[in-house]
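Participant: Here it is: the structure, laid out below.
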Amino acid sequence: MGKGAQGEANGSVDVSRPLKEFTWDEVREKTTKECRWLVIDGEVYNITSWARRHPGGTKVIGHYAGQDATDAFKAFHNDLNFVKKYMKAIHIGTLKETQKEVKPIEEDFRQLRQTAEKMGLFKPSVLFFTLSMLHILFLDWAAWAVMYYFGTGWVPYLLSLIFITTVEGQSSWLQHDFGHLSASKYTWLDHGLHYFFMGFMKGASPAWWNHMHYQHHAKPNVMDKDPDVRLDALFVVGEHMPVEVAKNRKKSMPYNWQNYYFFLLGPPLLFPVYFQIMLFKFIYSRKAYLDLLMVIIFFIKFFYLFVPLLGVGGSLIYYFSFRCLESHWFTWVAQSNHIPMEINHDEGLPWLQLQLQATCNVSKSVFNDWFTGHLNFQIEHHLFPTMPRHNLYKIAPLVKSLCEKHNVSYVVKPLSTAFADIVRSLKHSGELWYSTYQAFHASSS
């Protein structure tokens, strides 16, 4: 093996040598941790070593190893010229001219993105995000003040609980904006406000959120890549997971009952239990000390304000009460857009098809916009994750038109239907698991 080949294999690239031409067959072979390549705009990049230093995380870029990452790359990065400076060292070649063909659906989507840029839809509104922050901060104060000034009877207590649940729910949507770098022209400001609202206001880890959420956006509803569908410890979802689990496991959860126990193990426990365990495990394993500091400050603030009013035991009950309520809010909204949709292994689909098969929208209204943090426009958000949420509805008609042109399903539901479809989907997947389990294990016994 020559020096050039050795360098490509271990991820160190000799930028002085001439660039090579590669075929897609060669690129598709490079998907292991020892050697990973991907393609952006017809150019081949060796991300083997760079993936460990990638600001978005190792996994999110690794999920595109052996594939065309052009549209994912553009979707996640606001300043492409800045990012491309760091790509020169890992640029190892180009696809052969005969293999640079762009599919019509990809070309049309890229033109749509250019149209959105010309329309100014990636420019955030300072007024919108300022008002969003102020209404959260006011309700955060009100949650404490209503019991401080009016006592801890049932009426002020319940009002306080409603206020702080709203604070946590709306902070979830706002930190989501900052995490996607969609709320400000300045990356440093987005990062800083992300830490404030995710860490100080919610007591969670921004780095953990980035690690999980960017993977979800890169490969939504893709088994083994999207952590949001890594649910088979408790639930099976979609058409493929139930069959695979039924064939590979003799002992498992009674998934045929999952549409019932979802109400006990899903929304009530996601935030108070599962997320708490996951985020502290992440902080410990990644030595995320800044995130730990923000979480500690959150709890210091919380107990300082509420222990004098409710006592230690009462404060803990109050804490887990709003965490449980917040968990219901988040789970029903977040899962309504994805769980009822297609869930499968990675098929290397074009960006538009990948996102549309995994997402659906909820009809627009003033309440739905506020209640979901504009994630009722989940399709548009997944296609353009750095687009400020207040502009998503403006691009929706053009997205729908493009989907009709390429025969891609564009699904919009009422909010109640979207919620009900979660349970219907779980029921269907559970029954599919049960029938497959019975048939497979009966024949093998």
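Here's how to read the names in the structure tokens: chain A, B, ... by the order shown, residue numbers from 1 in each chain, ligand numbers from 1 in the order shown.
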Find the spatial neighbours of Glu380 (chain A), counting only C-alpha atoms, within a cut-off of 8 Å - ignore same-chain residues fewer than 6 positions away - and output them as a list of chain:residue names.
Facilitator: A:Leu392, A:Tyr393, A:Ile395, A:Ala396, A:Val399
Participant: Please, could you write that set of residues out with C-alpha atoms as an mmCIF file, in the first residue's frame?
Facilitator:
data_model
loop_
_atom_site.group_PDB
_atom_site.id
_atom_site.type_symbol
_atom_site.label_atom_id
_atom_site.label_comp_id
_atom_site.auth_asym_id
_atom_site.auth_seq_id
_atom_site.Cartn_x
_atom_site.Cartn_y
_atom_site.Cartn_z
ATOM 1 C CA LEU A 392 -41.872 28.346 8.338
ATOM 2 C CA TYR A 393 -45.479 28.907 7.260
ATOM 3 C CA ILE A 395 -42.306 28.479 2.710
ATOM 4 C CA ALA A 396 -44.963 25.787 3.296
ATOM 5 C CA VAL A 399 -42.763 22.890 -0.220
#
Participant: If we count only C-alpha atoms, what is near Lys247 (chain A) at a cut-off of 8 Å, once residues fewer than 2 positions away on the same chain are taken out, given as a list in words?
Facilitator: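 So, after excluding close chain neighbours, the residues are Val243, Glu244, Val245, Arg249, Lys250, Thr436, Tyr437, Phe440 and His441 of chain A.
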Participant: Since we have the selection now, will you write its residues out, keeping N, CA, C and O atoms, as a short mmCIF file (atom, residue, chain, number, x, y, z; two decimals), in the first residue's frame?
Facilitator:
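Once everything was written out, this is out-v5.cif:
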data_model
loop_
_atom_site.label_atom_id
_atom_site.label_comp_id
_atom_site.auth_asym_id
_atom_site.auth_seq_id
_atom_site.Cartn_x
_atom_site.Cartn_y
_atom_site.Cartn_z
N VAL A 243 -41.39 -6.38 13.50
CA VAL A 243 -41.07 -7.67 12.89
C VAL A 243 -39.67 -8.12 13.29
O VAL A 243 -39.45 -9.29 13.66
N GLU A 244 -38.70 -7.21 13.26
CA GLU A 244 -37.33 -7.56 13.61
C GLU A 244 -37.21 -7.96 15.07
O GLU A 244 -36.54 -8.94 15.41
N VAL A 245 -37.87 -7.20 15.95
CA VAL A 245 -37.82 -7.53 17.38
C VAL A 245 -38.49 -8.86 17.65
O VAL A 245 -38.00 -9.68 18.44
N ARG A 249 -35.97 -11.73 19.35
CA ARG A 249 -36.03 -11.83 20.81
C ARG A 249 -37.11 -12.81 21.25
O ARG A 249 -38.25 -12.72 20.81
N LYS A 250 -36.72 -13.71 22.14
CA LYS A 250 -37.71 -14.63 22.71
C LYS A 250 -38.44 -13.98 23.88
O LYS A 250 -39.60 -14.27 24.13
N THR A 436 -46.38 -11.55 14.42
CA THR A 436 -45.08 -12.06 13.93
C THR A 436 -44.44 -12.94 14.98
O THR A 436 -43.89 -14.01 14.65
N TYR A 437 -44.48 -12.54 16.23
CA TYR A 437 -43.88 -13.31 17.33
C TYR A 437 -44.52 -14.69 17.42
O TYR A 437 -43.81 -15.70 17.52
N PHE A 440 -43.57 -16.78 14.16
CA PHE A 440 -42.15 -17.13 14.03
C PHE A 440 -41.73 -18.14 15.08
O PHE A 440 -41.08 -19.14 14.77
N HIS A 441 -42.10 -17.91 16.34
CA HIS A 441 -41.64 -18.79 17.41
C HIS A 441 -42.42 -20.10 17.46
O HIS A 441 -41.90 -21.09 17.94
#
Participant: Under the rule that only C-alpha atoms are counted, which of A:Phe122, A:Tyr284, A:Trp173, A:Tyr148 is the nearest residue to Ile136 (chain A)?
Facilitator: A:Trp173
Participant: Just the residues within 6 Å of region 202-217 of chain A, please, counting only C-alpha atoms, with nothing from its chain fewer than 2 positions along; format it as a ChimeraX atom specification.
Facilitator: /A:60,195,198-200,219-220,226,291,295,298
Participant: To one decimal in Å, tell me the separation between CA of Leu293 (chain A) and CA of Val83 (chain A).
Facilitator: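 According to the coordinates, CA of Leu293 (chain A) and CA of Val83 (chain A) are separated by 29.6 Å.
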Participant: As JSON, numbers by chain, please: all residues of region 235-386 of chain A that backbone DSSP puts in alpha helix (DSSP H).
Facilitator: {"A": [241, 242, 243, 244, 245, 246, 247, 248, 258, 259, 260, 261, 262, 263, 264, 265, 276, 277, 278, 279, 280, 281, 282, 283, 284, 285, 286, 289, 290, 291, 292, 293, 294, 295, 296, 297, 298, 299, 300, 301, 302, 303, 304, 305, 306, 307, 308, 309, 310, 311, 312, 313, 314, 315, 316, 317, 318, 319, 320, 321, 322, 323, 324, 325, 326, 327, 328, 329, 330, 331, 332, 333, 334, 335, 336, 351, 352, 353, 354, 355, 356, 357, 358, 366, 367, 368, 369, 370, 371, 378, 379, 380, 381, 382, 383]}
Participant: Can you pull out every residue within 10 Å of Ala334 (chain A), counting only C-alpha atoms, but drop anything in the same chain fewer than 5 positions away, and send it as a ChimeraX atom specification?
Facilitator: /A:228,328-329,339,372,375-376,378,419
Participant: Please produce a file of the residues just selected, as a PDB file, in the first residue's frame, where the atoms kept are all heavy atoms.
Facilitator:
ATOM      1  N   ASP A 228     -34.220   9.052  18.553  1.00  0.00           N
ATOM      2  CA  ASP A 228     -35.614   9.226  18.958  1.00  0.00           C
ATOM      3  C   ASP A 228     -36.480   7.999  18.669  1.00  0.00           C
ATOM      4  O   ASP A 228     -37.591   7.895  19.200  1.00  0.00           O
ATOM      5  CB  ASP A 228     -36.221  10.440  18.258  1.00  0.00           C
ATOM      6  CG  ASP A 228     -35.732  11.753  18.849  1.00  0.00           C
ATOM      7  OD1 ASP A 228     -34.812  11.713  19.700  1.00  0.00           O
ATOM      8  OD2 ASP A 228     -36.243  12.814  18.464  1.00  0.00           O
ATOM      9  N   HIS A 328     -45.705  15.466  29.538  1.00  0.00           N
ATOM     10  CA  HIS A 328     -46.875  15.193  28.707  1.00  0.00           C
ATOM     11  C   HIS A 328     -46.933  16.162  27.527  1.00  0.00           C
ATOM     12  O   HIS A 328     -47.156  15.747  26.384  1.00  0.00           O
ATOM     13  CB  HIS A 328     -48.155  15.338  29.540  1.00  0.00           C
ATOM     14  CG  HIS A 328     -48.506  14.128  30.333  1.00  0.00           C
ATOM     15  ND1 HIS A 328     -47.938  13.843  31.557  1.00  0.00           N
ATOM     16  CD2 HIS A 328     -49.360  13.103  30.073  1.00  0.00           C
ATOM     17  CE1 HIS A 328     -48.437  12.717  32.021  1.00  0.00           C
ATOM     18  NE2 HIS A 328     -49.298  12.246  31.144  1.00  0.00           N
ATOM     19  N   TRP A 329     -46.750  17.425  27.796  1.00  0.00           N
ATOM     20  CA  TRP A 329     -46.796  18.458  26.754  1.00  0.00           C
ATOM     21  C   TRP A 329     -45.791  18.140  25.659  1.00  0.00           C
ATOM     22  O   TRP A 329     -46.131  18.064  24.468  1.00  0.00           O
ATOM     23  CB  TRP A 329     -46.507  19.803  27.402  1.00  0.00           C
ATOM     24  CG  TRP A 329     -46.634  21.011  26.516  1.00  0.00           C
ATOM     25  CD1 TRP A 329     -46.699  21.052  25.156  1.00  0.00           C
ATOM     26  CD2 TRP A 329     -46.722  22.374  26.966  1.00  0.00           C
ATOM     27  NE1 TRP A 329     -46.796  22.345  24.719  1.00  0.00           N
ATOM     28  CE2 TRP A 329     -46.824  23.171  25.805  1.00  0.00           C
ATOM     29  CE3 TRP A 329     -46.714  22.977  28.214  1.00  0.00           C
ATOM     30  CZ2 TRP A 329     -46.922  24.566  25.878  1.00  0.00           C
ATOM     31  CZ3 TRP A 329     -46.806  24.359  28.288  1.00  0.00           C
ATOM     32  CH2 TRP A 329     -46.908  25.141  27.128  1.00  0.00           C
ATOM     33  N   ILE A 339     -43.875   9.507  15.132  1.00  0.00           N
ATOM     34  CA  ILE A 339     -44.172   8.104  15.418  1.00  0.00           C
ATOM     35  C   ILE A 339     -45.141   7.475  14.408  1.00  0.00           C
ATOM     36  O   ILE A 339     -44.958   6.334  13.994  1.00  0.00           O
ATOM     37  CB  ILE A 339     -44.705   7.948  16.859  1.00  0.00           C
ATOM     38  CG1 ILE A 339     -43.581   8.199  17.863  1.00  0.00           C
ATOM     39  CG2 ILE A 339     -45.296   6.545  17.091  1.00  0.00           C
ATOM     40  CD1 ILE A 339     -42.416   7.233  17.765  1.00  0.00           C
ATOM     41  N   THR A 372     -47.117  24.380  20.105  1.00  0.00           N
ATOM     42  CA  THR A 372     -46.097  23.482  19.549  1.00  0.00           C
ATOM     43  C   THR A 372     -44.777  24.192  19.267  1.00  0.00           C
ATOM     44  O   THR A 372     -43.841  23.567  18.771  1.00  0.00           O
ATOM     45  CB  THR A 372     -46.591  22.847  18.235  1.00  0.00           C
ATOM     46  OG1 THR A 372     -46.702  23.863  17.228  1.00  0.00           O
ATOM     47  CG2 THR A 372     -47.933  22.161  18.412  1.00  0.00           C
ATOM     48  N   LEU A 375     -43.709  23.966  15.761  1.00  0.00           N
ATOM     49  CA  LEU A 375     -43.341  22.642  15.233  1.00  0.00           C
ATOM     50  C   LEU A 375     -44.540  21.941  14.628  1.00  0.00           C
ATOM     51  O   LEU A 375     -44.446  20.778  14.230  1.00  0.00           O
ATOM     52  CB  LEU A 375     -42.695  21.796  16.328  1.00  0.00           C
ATOM     53  CG  LEU A 375     -41.342  22.322  16.808  1.00  0.00           C
ATOM     54  CD1 LEU A 375     -40.742  21.401  17.866  1.00  0.00           C
ATOM     55  CD2 LEU A 375     -40.362  22.478  15.640  1.00  0.00           C
ATOM     56  N   ASN A 376     -45.671  22.634  14.555  1.00  0.00           N
ATOM     57  CA  ASN A 376     -46.760  22.147  13.711  1.00  0.00           C
ATOM     58  C   ASN A 376     -46.350  22.225  12.235  1.00  0.00           C
ATOM     59  O   ASN A 376     -46.942  21.553  11.394  1.00  0.00           O
ATOM     60  CB  ASN A 376     -48.055  22.917  13.970  1.00  0.00           C
ATOM     61  CG  ASN A 376     -47.872  24.429  13.949  1.00  0.00           C
ATOM     62  OD1 ASN A 376     -46.802  24.949  14.266  1.00  0.00           O
ATOM     63  ND2 ASN A 376     -48.919  25.153  13.603  1.00  0.00           N
ATOM     64  N   GLN A 378     -43.576  20.957  11.090  1.00  0.00           N
ATOM     65  CA  GLN A 378     -42.444  20.063  11.257  1.00  0.00           C
ATOM     66  C   GLN A 378     -41.763  19.735   9.935  1.00  0.00           C
ATOM     67  O   GLN A 378     -40.536  19.587   9.867  1.00  0.00           O
ATOM     68  CB  GLN A 378     -42.905  18.767  11.925  1.00  0.00           C
ATOM     69  CG  GLN A 378     -41.796  17.833  12.357  1.00  0.00           C
ATOM     70  CD  GLN A 378     -41.073  18.322  13.584  1.00  0.00           C
ATOM     71  OE1 GLN A 378     -39.855  18.379  13.589  1.00  0.00           O
ATOM     72  NE2 GLN A 378     -41.797  18.671  14.635  1.00  0.00           N
ATOM     73  N   PHE A 419     -52.516  13.661  17.672  1.00  0.00           N
ATOM     74  CA  PHE A 419     -52.337  13.005  18.966  1.00  0.00           C
ATOM     75  C   PHE A 419     -52.915  11.594  18.954  1.00  0.00           C
ATOM     76  O   PHE A 419     -52.291  10.644  19.441  1.00  0.00           O
ATOM     77  CB  PHE A 419     -53.000  13.825  20.073  1.00  0.00           C
ATOM     78  CG  PHE A 419     -52.261  15.087  20.440  1.00  0.00           C
ATOM     79  CD1 PHE A 419     -52.783  15.967  21.379  1.00  0.00           C
ATOM     80  CD2 PHE A 419     -51.037  15.404  19.856  1.00  0.00           C
ATOM     81  CE1 PHE A 419     -52.108  17.125  21.734  1.00  0.00           C
ATOM     82  CE2 PHE A 419     -50.363  16.567  20.200  1.00  0.00           C
ATOM     83  CZ  PHE A 419     -50.901  17.428  21.145  1.00  0.00           C
TER      84      PHE A 419
END
Participant: I'd like the contact shell of Lys185 (chain A) - 12 Å cut-off, only C-alpha atoms, skipping same-chain residues fewer than 2 positions apart - returned as a ChimeraX atom specification.
Facilitator: /A:78-79,122-126,178,180-183,187-191,386-388
Participant: Go through region 7-68 of chain A and collect every residue that DSSP, computed from the backbone, puts in strand (DSSP E or B); the answer should be as a VMD selection string.
Facilitator: chain A and resid 20 to 22 31 to 32 35 to 40 43 to 46 68
Participant: Would you write out those residues with N, CA, C and O atoms, as a tab-separated table (two decimals), in the first residue's frame?
Facilitator:
chain	number	residue	atom	x	y	z
A	20	LYS	N	-7.74	12.89	-6.58
A	20	LYS	CA	-8.13	11.73	-7.38
A	20	LYS	C	-9.58	11.81	-7.78
A	20	LYS	O	-10.37	12.59	-7.25
A	21	GLU	N	-9.95	10.94	-8.73
A	21	GLU	CA	-11.34	10.76	-9.10
A	21	GLU	C	-11.82	9.43	-8.54
A	21	GLU	O	-11.10	8.44	-8.59
A	22	PHE	N	-13.03	9.44	-8.00
A	22	PHE	CA	-13.57	8.22	-7.39
A	22	PHE	C	-14.93	7.90	-7.98
A	22	PHE	O	-15.62	8.76	-8.54
A	31	THR	N	-17.46	3.23	5.10
A	31	THR	CA	-18.49	3.51	6.10
A	31	THR	C	-18.10	3.07	7.50
A	31	THR	O	-18.91	3.17	8.42
A	32	THR	N	-16.90	2.57	7.69
A	32	THR	CA	-16.50	2.09	9.01
A	32	THR	C	-15.80	3.20	9.79
A	32	THR	O	-15.37	4.22	9.23
A	35	CYS	N	-12.40	4.06	8.44
A	35	CYS	CA	-12.30	4.79	7.17
A	35	CYS	C	-13.69	5.22	6.72
A	35	CYS	O	-14.51	4.38	6.33
A	36	ARG	N	-13.95	6.54	6.78
A	36	ARG	CA	-15.27	7.05	6.42
A	36	ARG	C	-15.13	8.21	5.44
A	36	ARG	O	-14.43	9.18	5.72
A	37	TRP	N	-15.81	8.07	4.31
A	37	TRP	CA	-15.85	9.14	3.32
A	37	TRP	C	-17.30	9.57	3.13
A	37	TRP	O	-18.24	8.81	3.38
A	38	LEU	N	-17.46	10.80	2.63
A	38	LEU	CA	-18.78	11.25	2.18
A	38	LEU	C	-18.61	12.23	1.03
A	38	LEU	O	-17.48	12.66	0.72
A	39	VAL	N	-19.71	12.59	0.40
A	39	VAL	CA	-19.69	13.45	-0.78
A	39	VAL	C	-20.52	14.70	-0.52
A	39	VAL	O	-21.63	14.62	0.02
A	40	ILE	N	-19.96	15.85	-0.88
A	40	ILE	CA	-20.68	17.12	-0.83
A	40	ILE	C	-20.45	17.85	-2.14
A	40	ILE	O	-19.30	18.11	-2.52
A	43	GLU	N	-17.84	16.47	-4.48
A	43	GLU	CA	-16.47	16.36	-3.98
A	43	GLU	C	-16.42	15.34	-2.84
A	43	GLU	O	-17.34	15.24	-2.03
A	44	VAL	N	-15.31	14.61	-2.77
A	44	VAL	CA	-15.16	13.52	-1.81
A	44	VAL	C	-14.31	13.97	-0.63
A	44	VAL	O	-13.22	14.53	-0.81
A	45	TYR	N	-14.80	13.69	0.58
A	45	TYR	CA	-14.11	14.10	1.81
A	45	TYR	C	-13.89	12.89	2.71
A	45	TYR	O	-14.78	12.06	2.88
A	46	ASN	N	-12.68	12.84	3.26
A	46	ASN	CA	-12.35	11.78	4.22
A	46	ASN	C	-12.59	12.33	5.62
A	46	ASN	O	-11.83	13.15	6.12
A	68	ASP	N	-24.20	10.80	-0.11
A	68	ASP	CA	-24.19	12.21	-0.51
A	68	ASP	C	-24.77	13.03	0.63
A	68	ASP	O	-25.94	12.89	1.00
Participant: Between CA of Arg113 (chain A) and CA of Leu352 (chain A), what is the distance, to one decimal in Å?
Facilitator: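 Taking CA of Arg113 (chain A) as the start and CA of Leu352 (chain A) as the end point, the length is 11.3 Å.
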Participant: Please compute the CA of Ala75 (chain A)-CA of Phe384 (chain A) distance, one decimal, in Å.
Facilitator: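 Straight-line distance from CA of Ala75 (chain A) to CA of Phe384 (chain A) works out to 5.7 Å.
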Participant: List the spatial neighbours of Glu26 (chain A) as a list in words - criterion: any atom at most 10 Å away, only C-alpha atoms, same-chain residues fewer than 2 positions off excluded.
Facilitator: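 Contacts, in chain order: Phe22, Thr23, Trp24, Arg28, Glu29, Lys30, Trp37, Gly66 and Leu95 of chain A.
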Participant: Mind dumping the selected residues with N, CA and C atoms as a short mmCIF file (atom, residue, chain, number, x, y, z; two decimals), in the first residue's frame?
Facilitator:
data_model
loop_
_atom_site.label_atom_id
_atom_site.label_comp_id
_atom_site.auth_asym_id
_atom_site.auth_seq_id
_atom_site.Cartn_x
_atom_site.Cartn_y
_atom_site.Cartn_z
N PHE A 22 -13.03 9.44 -8.00
CA PHE A 22 -13.57 8.22 -7.39
C PHE A 22 -14.93 7.90 -7.98
N THR A 23 -15.31 6.65 -7.82
CA THR A 23 -16.65 6.22 -8.21
C THR A 23 -17.52 6.11 -6.95
N TRP A 24 -18.83 6.06 -7.14
CA TRP A 24 -19.72 5.89 -6.00
C TRP A 24 -19.49 4.56 -5.31
N ARG A 28 -19.06 4.32 -1.30
CA ARG A 28 -20.00 3.54 -0.48
C ARG A 28 -19.32 2.48 0.37
N GLU A 29 -18.10 2.11 0.02
CA GLU A 29 -17.36 1.14 0.82
C GLU A 29 -16.81 1.75 2.10
N LYS A 30 -16.68 3.06 2.12
CA LYS A 30 -15.99 3.73 3.24
C LYS A 30 -17.00 4.17 4.30
N TRP A 37 -15.81 8.07 4.31
CA TRP A 37 -15.85 9.14 3.32
C TRP A 37 -17.30 9.57 3.13
N GLY A 66 -20.31 7.26 3.32
CA GLY A 66 -20.65 6.50 2.13
C GLY A 66 -21.81 7.07 1.33
N LEU A 95 -15.84 13.10 -7.48
CA LEU A 95 -16.50 12.02 -8.20
C LEU A 95 -16.19 12.14 -9.69
#
Participant: Find, counting only C-alpha atoms, the residue in A:Trp154, A:Tyr410, A:Phe196, A:Phe82 that gets nearest to Met133 (chain A).
Facilitator: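 When distances to Met133 (chain A) are compared using only C-alpha atoms, the smallest one comes from A:Phe196.
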Participant: Counting only C-alpha atoms, which residue out of A:Lys103, A:His54, A:Arg323, A:Lys118 sits closest to Pro268 (chain A)?
Facilitator: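 Nearest candidate to Pro268 (chain A) out of A:Lys103, A:His54, A:Arg323, A:Lys118: A:Arg323.
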Participant: From the list A:Ala418, A:Ile379, A:Ala442, A:Leu19, which residue is nearest Ala246 (chain A) when using only C-alpha atoms?
Facilitator: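 Closest to Ala246 (chain A), using only C-alpha atoms: A:Ala442.
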Participant: Considering only C-alpha atoms, can you say which of A:Val362, A:Ile317, A:Leu158, A:Ile92 comes closest to Val411 (chain A)?
Facilitator: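 Among the listed residues, the smallest separation from Val411 (chain A) belongs to A:Val362.
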